[in-house]
Structures are given as structure tokens and as C-alpha cells.
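Take a look at the structure below.
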Number of protein chains: 2
Amino acid sequence: MALQGTNTQVLFVKRPIGQFNPTETFKIVKTPVPTVESLKEGEFIVRNYWLSLDPAMRGWMSDSRRSYIRPVEINEVMRGQTVGVVVASKSSKFRAGDKVQIMGGWQEFTVSNGKGAWKLDVPPGAHLHDFLGIFGGTGMTAYFGLLDIGKPKAGETVVVSGAAGATGSLVGQIAKIKGTRVIGIAGSKEKCDWLEKELGFDVALNYRDADFSKKLAAATPKYIDVYFDNVGGDILDLCLKRIAQKGRIVVCGAISQYNEKNPQGPKNYTTLITQRARMEGFIVFDYGPRYPEAVRDIAKWLQEGKIKRREFVTEGLENAPEGLLRLFKGENTGKTLVKLVNEKSKL
Amino acid sequence: MALQGTNTQVLFVKRPIGQFNPTETFKIVKTPVPTVESLKEGEFIVRNYWLSLDPAMRGWMSDSRRSYIRPVEINEVMRGQTVGVVVASKSSKFRAGDKVQIMGGWQEFTVSNGKGAWKLDVPPGAHLHDFLGIFGGTGMTAYFGLLDIGKPKAGETVVVSGAAGATGSLVGQIAKIKGTRVIGIAGSKEKCDWLEKELGFDVALNYRDADFSKKLAAATPKYIDVYFDNVGGDILDLCLKRIAQKGRIVVCGAISQYNEKNPQGPKNYTTLITQRARMEGFIVFDYGPRYPEAVRDIAKWLQEGKIKRREFVTEGLENAPEGLLRLFKGENTGKTLVKLVNEKSKL
């Protein structure tokens with residue numbers, strides 16, 4: 001197959017201090033689509049159908065701290081996970097037509113050498129883009145963060161913030177499957193309705209309500225055994241105040257702080273002493289060898305109707321920077337994705 | 001034996017906001033020594049020889065937070081651990097002449113019903129007041145906090161703050177016994193000299209030095225596997241920056257923050273995510289059933305010359321409030337004690 005046309009790419013061009021700016025931080029460029037002739041042995045070209053947008057991307061833009069991954073370099077294609085289809089290959093493992101998940105970056109076409117690539121077998125009732133959501137980094141984060149770090153026991157109380165987000169909504173549903181009482185914290189009435197009425201959360205609370213802290217106390221009469229934190233800031237402090245004896249705080253993210261020049265530390269952290277509690281972080285990549293176990297469980301729950309999910313879709317790669325900003329503004333419900341290929345032109 | 005004379009007591013009379021004030025927060029009173037006739041069956045009178053002063057006392061003065069212990073009430077004798085001798089008894093378990101450790105409070109004589117009382121058998125080479133230090137709450141805190149929460153492995157790097165204090169100096173010595181590299185953080189050159197030259201710490205750093213953070217980085221080339229935190233504040237933040245992958249932060253205390261109206265949270269706590277690390281608190285009382293195991297180990301190390309300790313003594317109960325303030329100012333090296341009975345009048 002002859003590839004032609006342009007490869008739209010989003011370059012990371014300016015390291016932000018504090019809040020990133022869609023038009024200053026990124027630059028859209030058009031380059032030729034890689035040619036089959038240019039491929040080395042073992043390489044293949046992926047046409048990316050969907051790009052995942054994630055809060056962690058803000059961290060990848062910073063070079064000021066020790067991290068689990070190198071920062072994105074200036075003028076490099078912005079890092080991101082994609083799912084797509086192999087359109088040309090000099091690899092014996094990945095053949096044209098194969099559906100794959102790769103760290104494809106913010107671009108329409110990616111040359112991969114197979115490292116970190118994952119051939120996809122889309123289960124019944126699932127979509128290709130679920131491999132960026134419930135079967136992707138998002139799903140793995142929810143599954144291992146909750147079960148391996150939070151270790152909820154039936155009858156315990158689990159609180160999750162960013163609850164209407166991709167990770168949070170799955171955390172709450174898995175916690176329900178495990179027999180816990182689940183309280184979700186989100187930023188609008190619509191989100192809370194979705195959590196309570198469709199996803200089966202016991203209680204969903206809007207943190208923008210004036211009496212939020214009172215409502216949180218009322219919803220957690222036996223305190224909080226597991227707090228899965230996606231947001232940091234004041235909500236983390238309130239949950240620290242309500243942590244139960246031997247409680248576990250899963251430090252997954254701190255989306256409220258990523259764009260702050262002077263991030264806010266949890267001033268109530270000494271509750272960890274009085275309540276013999278702990279805060280623990282994790283990086284989902286460490287669980288790579290155990291992903292199949294999680295995918296198997298989540299696929300089963302999906303088929304049983306115990307897991308629901310939504311997508312918040314930005315159309316077109318050119319709009320990806322704006323889409324990321326909307327994620328940070330909390331406009332999304334469910335998994336934030338960029339759709340790179342419209343259905344009509346789908347290969 | 002007829003008891004007579006006065007029982008000097010220190011009452012807690014005003015709940016401080018922020019910094020406590022020795023003369024406003026406390027009041028010295030003289031009451032009659034309890035009489036033998038007033039004892040109920042099972043009760044006994046202890047003459048307190050030594051009173052322990054501890055950073056945790058600041059927490060006991062506050063009623064604004066959930067804690068592991070009720071706050072001290074206004075006009076109540078201030079809470080504190082003491083060691084002393086039973087001078088009169090209607091108990092079958094505790095007899096006149098027995099040496100005991102009790103929560104005797106800031107007073108010369110205490111009536112006890114035996115609850116929480118511990119009959120002491122002072123090992124060779126030890127002193128009665130060691131049951132407030134290395135064999136008391138201090139020692140138990142160091143032992144279980146380090147070994148049970150920190151779980152250091154030989155070859156790892158352990159950092160302890162408040163290192164010249166009663167708990168910190170023992171933490172460092174136990175960490176050395178366990179084969180780790182030990183860095184102590186303290187507030188003066190004299191303290192650092194003691195830690196390096198007498199206690200065998202690998203490095204001791206003065207946090208008041210202008211280039212402290214650079215020195216800390218240089219002293220922890222393989223980062224920090226276990227950070228035993230007694231102080232909180234900026235030092236906690238610096239150690240979070242240097243935490244190793246899978247590092248453990250033992251949240252023991254936060255003496256720098258206890259008197260702050262607006263305590264400072266650790267703004268670098270998201271390093272817990274990038275380094276898959278944890279922060280965990282504990283309350284030493286939970287380890288009560290395992291104290292004998294710790295006392296046995298520490299007594300053995302003491303006899304082998306592997307454990308050294310110092311006392312920072314305030315003479316006379318009237319001076320206890322000032323002594324507590326000196327502890328918070330970091331004037332002490334080693335265990336802060338109040339001596340209630342001078343040798344000449346010793347029973």
C-alpha cells in the first residue's frame with residue numbers, strides 16, 4: 001500500500017511555568033507520512049485512530065523534578081498513548097491490519113519498532129478506544145491503584161475524587177464490585193447524577209457546594225478507609241481529616257495542583273499519625289506484567305454489565321491542546337480522547 | 001508510713017492557640033499529699049522521681065482534632081509519664097518500694113489504680129529514668145517506628161530528623177545496628193558532633209547551615225530509603241525530594257509545626273507518586289503487647305555498648321513548663337526529663 005499525504009503532528013514547543021497554554025505550549029505541524037521504504041527491519045507504521053489525553057501529561061512537560069519518565073523535549077512530538085491500525089510493516093510480529101496500542105504520540109502516523117506496542121484483541125461489547133480507557137492506562141491505574149495500594153475490604157468506606165473522570169469512575173465501580181460503600185467527589189450536579197444513578201455509587205458529592213465538607217462528613221459516618229486521590233489540594237486535606245484508623249490514601253494524582261507554581265501540601269497530613277494511616281503513591285507502568293489479569297477481570301465485569309463508561313471526545317488532532325485544557329478544567333465526564341480519523345475515512 | 005507535706009502539681013489552665021506559653025498555659029499549685037486512708041482497694045500512691053517531657057504533649061493540649069487520646073481538660077493535672085517508687089499501697093500487685101512507670105502526670109505524688117502501670121526491673125548499666133527514655137515511650141517509638149513502619153534493610157540509606165533528640169538518637173543507632181547508612185539531621189554543630197563522633201552516625205547535618213539542602217543531597221547519593229520524620233516542615237519537603245523508589249517515610253512527629261496556627265503541608269508529597277513511595281504514621285501505644293521484645297533488644301544493645309544516650313534535665317517540677325518550651329526550641333540533646341526528687345531526699 002502506498003502511503004501518501006501529510007502527517008499532522010503536535011509538537012511540544014515551550015515548557016510552561018504554572019498553567020500551560022494550548023497555543024503557546026504546542027505547535028501544529030504537517031510533515032510527510034513516513035514511507036514504507038524508510039522502515040528498518042522490525043519497524044512498522046501505525047495509523048493512529050484515537051489519542052488518550054491524561055492529567056499525567058502536565059508532569060511530562062516539566063523538567064524540574066525527578067520523575068518516572070524523562071520529560072518531553074522541546075520541539076519533540078508530544079507524548080501520548082494511541083490506538084490504531086498497522087498500515088505497513090517490516091516486523092514479523094506486527095502485520096498490516098493489526099490493531100495496536102502504542103505510545104504513538106500526538107500525531108496521525110507513528111513509526112514503531114514494537115517497543116511498548118501491544119497487539120489488541122477487542123473483546124465483545126468493547127471498542128478499540130477502550131484500550132485507552134478501561135483496558136488502557138486508565139483502567140490499569142484504577143484497578144491496581146485501588147486493589148493493590150488501597151486494598152479495600154468488603155464493608156469498608158471508599159472515597160474517590162475526580163470520580164466522574166476516566167480513572168475515578170472505574171475506581172468507584174470496582175470498589176462497589178468489591179462490596180464497599182462508595183462515595184464519589186466530582187465537580188457538577190450532572191456528574192454526580194451520573195455517578196449515583198447510572199454507576200451505582202452510594203453517594204456522589206459536588207465539591208463546589210458550599211456545605212461540601214459537612215456533606216462529606218455526613219456521608220462517611222464510619223470515616224474513610226480508602227481514599228483514592230486524583231486531585232490533591234483542599235479535597236485531600238478534607239479526606240485526611242476524615243481518614244479512618246489504619247486508613248489508606250492512594251496517591252494517584254493531583255490534578256488541582258499540576259498547573260500551580262506553588263503547589264499546596266496537605267496540611268492535615270499529621271492525621272496519618274493520630275489515625276495510624278498511610279499515603280502511598282504508585283506508577284501504573286510497574287504493573288505491566290500483571291495487565292492481562294486486570295484486562296480479564298474488567299472485560300468480565302463489562303460483559304456482566306457491572307462496568308459502564310463514557311467518552312469525552314475532541315474531534316481532530318488540531319484540537320488536542322484545547323482538549324487537554326478542557327480535561328484540566330474538569331469539563332470531561334469519563335475518558336478524554338481525541339478522535340484522529342473520522343468514520344468515513346476509516347481504513 | 002505516714003505521708004505528709006505538699007504535693008506540687010502543674011495544672012493545664014489555658015488551651016493555647018499556636019505557641020504555648022509556660023506561664024499562661026500552666027499553673028503551679030500545692031495540694032496535700034494523698035493519704036493512705038483515702039486509698040480504695042487496688043490503689044497505691046507513687047512518689048514520682050522523674051517526669052518525661054515529650055513533643056506529643058503539645059497535641060494533648062488541643063481539642064480541635066481527632067486524636068488517639070482525649071485532650072487534657074482545663075484545670076486538670078497536665079498529662080505525662082513518670083517513673084517513681086510506690087510509697088503506700090492497697091494493691092496486691094504493686095507494693096511499697098516497687099519501682100514503677102505510670103502516666104503519673106505533672107505532679108510529685110500520684111494515686112494509681114494500676115491501669116497502665118508497669119513494675120520496673122532496672123537492668124544492669126541502666127537507670128530508673130531510662131524507663132522514660134530508651135526503655136520508655138521514647139525507646140518504643142524509635143524501635144517500632146523504625147523497624148515496623150520503616151523496615152530498613154541492610155545497605156539502605158536511613159535519614160532521621162530531630163536526630164539528637166531522645167527518639168532520633170535511638171533511631172539512628174538502631175539503624176546502624178541493622179546495617180544501614182545513617183544520616184542524622186540536627187540543629188547545632190555540637191549535636192552533629194555528638195551524633196558523628198559518639199553515636200557512630202555516618203553523617204550528621206546541621207539544618208541551619210545555608211547549604212544544608214546541598215549537603216543532604218551529597219550525603220544521600222543513592223537517595224533515601226527510609227526517612228524517620230520527627231519535625232515536618234521544610235525538612236520533610238527536602239527529604240520527600242530525595243526519597244528513593246519504594247522509599248518509606250515514617251511519620252513520627254512534626255515538632256516544627258505543632259505550635260503553628262497554620263501548619264505547613266509537605267508540598268513535595270507528589271514525589272510519593274513518581275517514586276512509588278509511602279508515608280505512614282503510627283502510635284506507639286498500639287505496640288504495647290510487644291514492648292518486652294523491644295526492651296530485651298535495647299537492653300542487650302546497651303550492655304554491648306551499641307547504644308548510648310544522654311539526658312537533658314530540668315530540676316524541679318516548677319520548672320517543667322519552661323523545660324517543655326526548651327524542648328520545642330531544640331535546646332535539648334537526648335532525653336528531656338524533669339527531676340522531681342533531689343538525691344539527698346531520695347527515699
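We name chains A, B, ... following the order of the C-alpha cells; residues begin at 1 in each chain, and ligands are numbered from 1 as shown.
For region 69-174 of chain B, backbone-based DSSP labels the following residues as strand (DSSP E or B): Glu76, Val77, Thr82, Val83, Gly84, Val85, Val86, Val87, Ala88, Ser89, Lys99, Val100, Gln101, Ile102, Gln107, Phe109, Thr110, Val111, Ser112, Trp118, Lys119, Thr157, Val158, Val159, Val160, Ser161 and Gly165 of chain B.
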Open item on the list: Distance cut-off 9 Å, counting only C-alpha atoms - which residues of chain B neighbour chain A? Return them as an MDAnalysis selection string.
Closed with: chainID B and resid 65:69 232 241:242 246 251:254 262:283
Can I get the selected residues back with N, CA, C and O atoms, as a compact mmCIF listing (two decimals), in the first residue's frame?
# COMPACT_ATOMS: atom_id res chain seq x y z
N ARG B 65 -8.89 18.52 67.12
CA ARG B 65 -8.70 17.49 66.11
C ARG B 65 -8.95 16.11 66.69
O ARG B 65 -8.89 15.90 67.89
N ARG B 66 -9.24 15.16 65.79
CA ARG B 66 -9.40 13.77 66.20
C ARG B 66 -8.03 13.28 66.61
O ARG B 66 -7.05 13.47 65.91
N SER B 67 -7.95 12.64 67.75
CA SER B 67 -6.65 12.15 68.18
C SER B 67 -6.78 10.77 68.76
O SER B 67 -7.85 10.20 68.86
N TYR B 68 -5.65 10.21 69.13
CA TYR B 68 -5.60 8.86 69.66
C TYR B 68 -5.88 8.85 71.15
O TYR B 68 -5.95 7.81 71.78
N ILE B 69 -6.02 10.03 71.72
CA ILE B 69 -6.15 10.16 73.16
C ILE B 69 -6.95 11.43 73.43
O ILE B 69 -6.87 12.38 72.65
N GLY B 232 8.72 17.48 60.49
CA GLY B 232 7.83 18.07 59.48
C GLY B 232 8.45 19.28 58.81
O GLY B 232 9.68 19.45 58.82
N LYS B 241 11.84 15.20 48.42
CA LYS B 241 12.54 15.40 47.14
C LYS B 241 13.59 14.32 46.90
O LYS B 241 13.92 14.00 45.77
N ARG B 242 14.18 13.82 47.99
CA ARG B 242 15.29 12.86 47.88
C ARG B 242 14.83 11.42 48.14
O ARG B 242 15.66 10.53 48.30
N LYS B 246 10.29 3.31 46.06
CA LYS B 246 9.76 2.42 47.11
C LYS B 246 10.23 2.84 48.51
O LYS B 246 10.29 2.03 49.43
N VAL B 251 6.14 8.72 59.62
CA VAL B 251 5.64 9.99 60.15
C VAL B 251 5.47 9.83 61.66
O VAL B 251 4.48 9.31 62.15
N CYS B 252 6.51 10.24 62.37
CA CYS B 252 6.52 10.07 63.83
C CYS B 252 6.04 11.32 64.52
O CYS B 252 5.26 11.28 65.46
N GLY B 253 6.51 12.46 64.04
CA GLY B 253 6.14 13.72 64.68
C GLY B 253 6.39 14.88 63.74
O GLY B 253 6.91 14.71 62.63
N ALA B 254 6.01 16.07 64.19
CA ALA B 254 6.16 17.26 63.36
C ALA B 254 6.39 18.43 64.29
O ALA B 254 5.64 19.39 64.30
N ASN B 262 -1.10 27.88 61.39
CA ASN B 262 -1.35 27.38 60.04
C ASN B 262 -0.25 26.42 59.64
O ASN B 262 0.73 26.80 59.01
N PRO B 263 -0.40 25.15 60.04
CA PRO B 263 0.68 24.21 59.77
C PRO B 263 0.92 24.07 58.26
O PRO B 263 0.03 24.27 57.45
N GLN B 264 2.15 23.71 57.96
CA GLN B 264 2.62 23.65 56.58
C GLN B 264 2.56 22.19 56.11
O GLN B 264 3.11 21.30 56.74
N GLY B 265 1.87 21.98 55.02
CA GLY B 265 1.82 20.64 54.45
C GLY B 265 3.01 20.40 53.54
O GLY B 265 3.59 21.35 53.02
N PRO B 266 3.39 19.15 53.35
CA PRO B 266 4.54 18.84 52.50
C PRO B 266 4.20 19.01 51.02
O PRO B 266 3.57 18.15 50.43
N LYS B 267 4.64 20.13 50.43
CA LYS B 267 4.22 20.43 49.06
C LYS B 267 4.83 19.47 48.04
O LYS B 267 4.33 19.33 46.93
N ASN B 268 5.91 18.78 48.43
CA ASN B 268 6.53 17.82 47.50
C ASN B 268 5.95 16.41 47.64
O ASN B 268 6.57 15.44 47.23
N TYR B 269 4.76 16.30 48.23
CA TYR B 269 4.25 14.95 48.51
C TYR B 269 3.97 14.14 47.24
O TYR B 269 3.89 12.92 47.30
N THR B 270 3.84 14.82 46.08
CA THR B 270 3.58 14.04 44.86
C THR B 270 4.79 13.22 44.42
O THR B 270 4.66 12.37 43.54
N THR B 271 5.94 13.46 45.05
CA THR B 271 7.07 12.56 44.83
C THR B 271 6.71 11.14 45.24
O THR B 271 7.30 10.18 44.76
N LEU B 272 5.74 11.03 46.15
CA LEU B 272 5.26 9.69 46.51
C LEU B 272 4.78 8.94 45.27
O LEU B 272 4.91 7.72 45.18
N ILE B 273 4.20 9.68 44.32
CA ILE B 273 3.73 9.04 43.08
C ILE B 273 4.94 8.64 42.23
O ILE B 273 5.13 7.46 41.93
N THR B 274 5.75 9.63 41.88
CA THR B 274 6.82 9.36 40.92
C THR B 274 7.80 8.32 41.45
O THR B 274 8.38 7.56 40.69
N GLN B 275 7.97 8.26 42.77
CA GLN B 275 8.92 7.30 43.33
C GLN B 275 8.23 6.09 43.97
O GLN B 275 8.87 5.29 44.63
N ARG B 276 6.94 5.95 43.79
CA ARG B 276 6.19 4.80 44.34
C ARG B 276 6.51 4.65 45.82
O ARG B 276 6.84 3.56 46.31
N ALA B 277 6.45 5.74 46.54
CA ALA B 277 6.88 5.74 47.94
C ALA B 277 5.66 5.90 48.85
O ALA B 277 4.56 6.13 48.39
N ARG B 278 5.91 5.76 50.17
CA ARG B 278 4.78 5.95 51.07
C ARG B 278 5.16 6.74 52.33
O ARG B 278 6.33 6.76 52.73
N MET B 279 4.15 7.33 52.93
CA MET B 279 4.27 8.00 54.22
C MET B 279 3.31 7.28 55.14
O MET B 279 2.15 7.10 54.79
N GLU B 280 3.79 6.92 56.31
CA GLU B 280 2.90 6.17 57.22
C GLU B 280 3.10 6.63 58.65
O GLU B 280 4.24 6.81 59.10
N GLY B 281 2.00 6.81 59.35
CA GLY B 281 2.05 7.21 60.74
C GLY B 281 1.81 6.04 61.67
O GLY B 281 1.40 4.96 61.23
N PHE B 282 2.08 6.24 62.94
CA PHE B 282 1.85 5.17 63.92
C PHE B 282 1.75 5.79 65.31
O PHE B 282 2.19 6.93 65.53
N ILE B 283 1.13 5.05 66.19
CA ILE B 283 1.03 5.45 67.59
C ILE B 283 1.66 4.34 68.41
O ILE B 283 1.28 3.16 68.28
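For chain B and chain A, which have identical sequences, superposing all Cα atoms of the second on the first gives an RMSD of 0.0 Å.
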Task: Surrounding residues of Tyr227 (chain A) excluding itself and chain neighbours under 6 positions, 6 Å, only C-alpha atoms, as a PyMOL selection string - done: chain A and resi 158-160+249
Open item on the list: Residues within 10 Å of Asn48 (chain A), please, as a list in words. Count only C-alpha atoms; anything in the same chain fewer than 2 positions from it doesn't count.
Closed with: Ile45, Val46, Trp50, Leu51, Gln81, Thr82, Val83, Gly84, Val85, Val86, Val87, Lys99, Val100, Gln101, Ile102, Gly104, Gly105, Trp106, Gln107, Glu108, Phe109, Thr110, Lys339, Leu340 and Val341 of chain A
How about saving the chosen residues, C-alpha atoms kept, as a PDB file, in the first residue's frame?
ATOM      1  CA  ILE A  45       3.825   2.278  10.625  1.00  0.00           C
ATOM      2  CA  VAL A  46       0.675   2.809  12.681  1.00  0.00           C
ATOM      3  CA  TRP A  50      -7.502   7.631  18.923  1.00  0.00           C
ATOM      4  CA  LEU A  51      -5.208   9.596  21.239  1.00  0.00           C
ATOM      5  CA  GLN A  81      -0.847   6.822  24.093  1.00  0.00           C
ATOM      6  CA  THR A  82      -2.736   5.951  20.930  1.00  0.00           C
ATOM      7  CA  VAL A  83      -4.626   3.064  19.462  1.00  0.00           C
ATOM      8  CA  GLY A  84      -4.633   2.448  15.731  1.00  0.00           C
ATOM      9  CA  VAL A  85      -4.002   0.066  12.910  1.00  0.00           C
ATOM     10  CA  VAL A  86      -0.742  -1.077  11.345  1.00  0.00           C
ATOM     11  CA  VAL A  87      -0.689   0.183   7.768  1.00  0.00           C
ATOM     12  CA  LYS A  99      -4.887  -3.276  15.818  1.00  0.00           C
ATOM     13  CA  VAL A 100      -2.325  -1.931  18.286  1.00  0.00           C
ATOM     14  CA  GLN A 101      -1.880   0.287  21.314  1.00  0.00           C
ATOM     15  CA  ILE A 102       1.398   2.238  21.302  1.00  0.00           C
ATOM     16  CA  GLY A 104       2.252   6.841  19.441  1.00  0.00           C
ATOM     17  CA  GLY A 105       2.433  10.499  20.390  1.00  0.00           C
ATOM     18  CA  TRP A 106       0.232  13.342  19.266  1.00  0.00           C
ATOM     19  CA  GLN A 107       0.375  12.538  15.565  1.00  0.00           C
ATOM     20  CA  GLU A 108      -1.598  10.753  12.888  1.00  0.00           C
ATOM     21  CA  PHE A 109       1.081   8.295  11.852  1.00  0.00           C
ATOM     22  CA  THR A 110       3.797   6.748  14.003  1.00  0.00           C
ATOM     23  CA  LYS A 339     -10.503  11.159  17.579  1.00  0.00           C
ATOM     24  CA  LEU A 340      -7.968  11.326  14.758  1.00  0.00           C
ATOM     25  CA  VAL A 341      -9.809   9.520  11.988  1.00  0.00           C
TER      26      VAL A 341
END
Task: Which of region 62-228 of chain A DSSP labels alpha helix (DSSP H), written as a PyMOL selection string - done: chain A and resi 137-144+166-177+189-193+212-219
Open item on the list: List as number ranges by chain the protein and nucleic acid residues near Ser92 (chain B), meaning an atom at most 12 Å away when only C-alpha atoms are counted, but skip any in the same chain fewer than 5 places from it.
Closed with: B: 41-44, 98, 113-114
Task: Nearby residues (only C-alpha atoms) at most 9 Å from region 130-147 of chain A, same-chain spacing under 2 positions excluded, as a PyMOL selection string - done: chain A and resi 50-52+54+81-83+100-101+120+122+126-128+149-152+166-172+174-175+226+228+250-252+281-285+287-288+291+294-295+298-299+309+311+334-337
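Neighbouring residues of Ala219 (chain B) at 9 Å or closer, counting only C-alpha atoms and skipping chain neighbours under 5 positions away, are Ile183, Val203, Leu205 and Lys214 of chain B.
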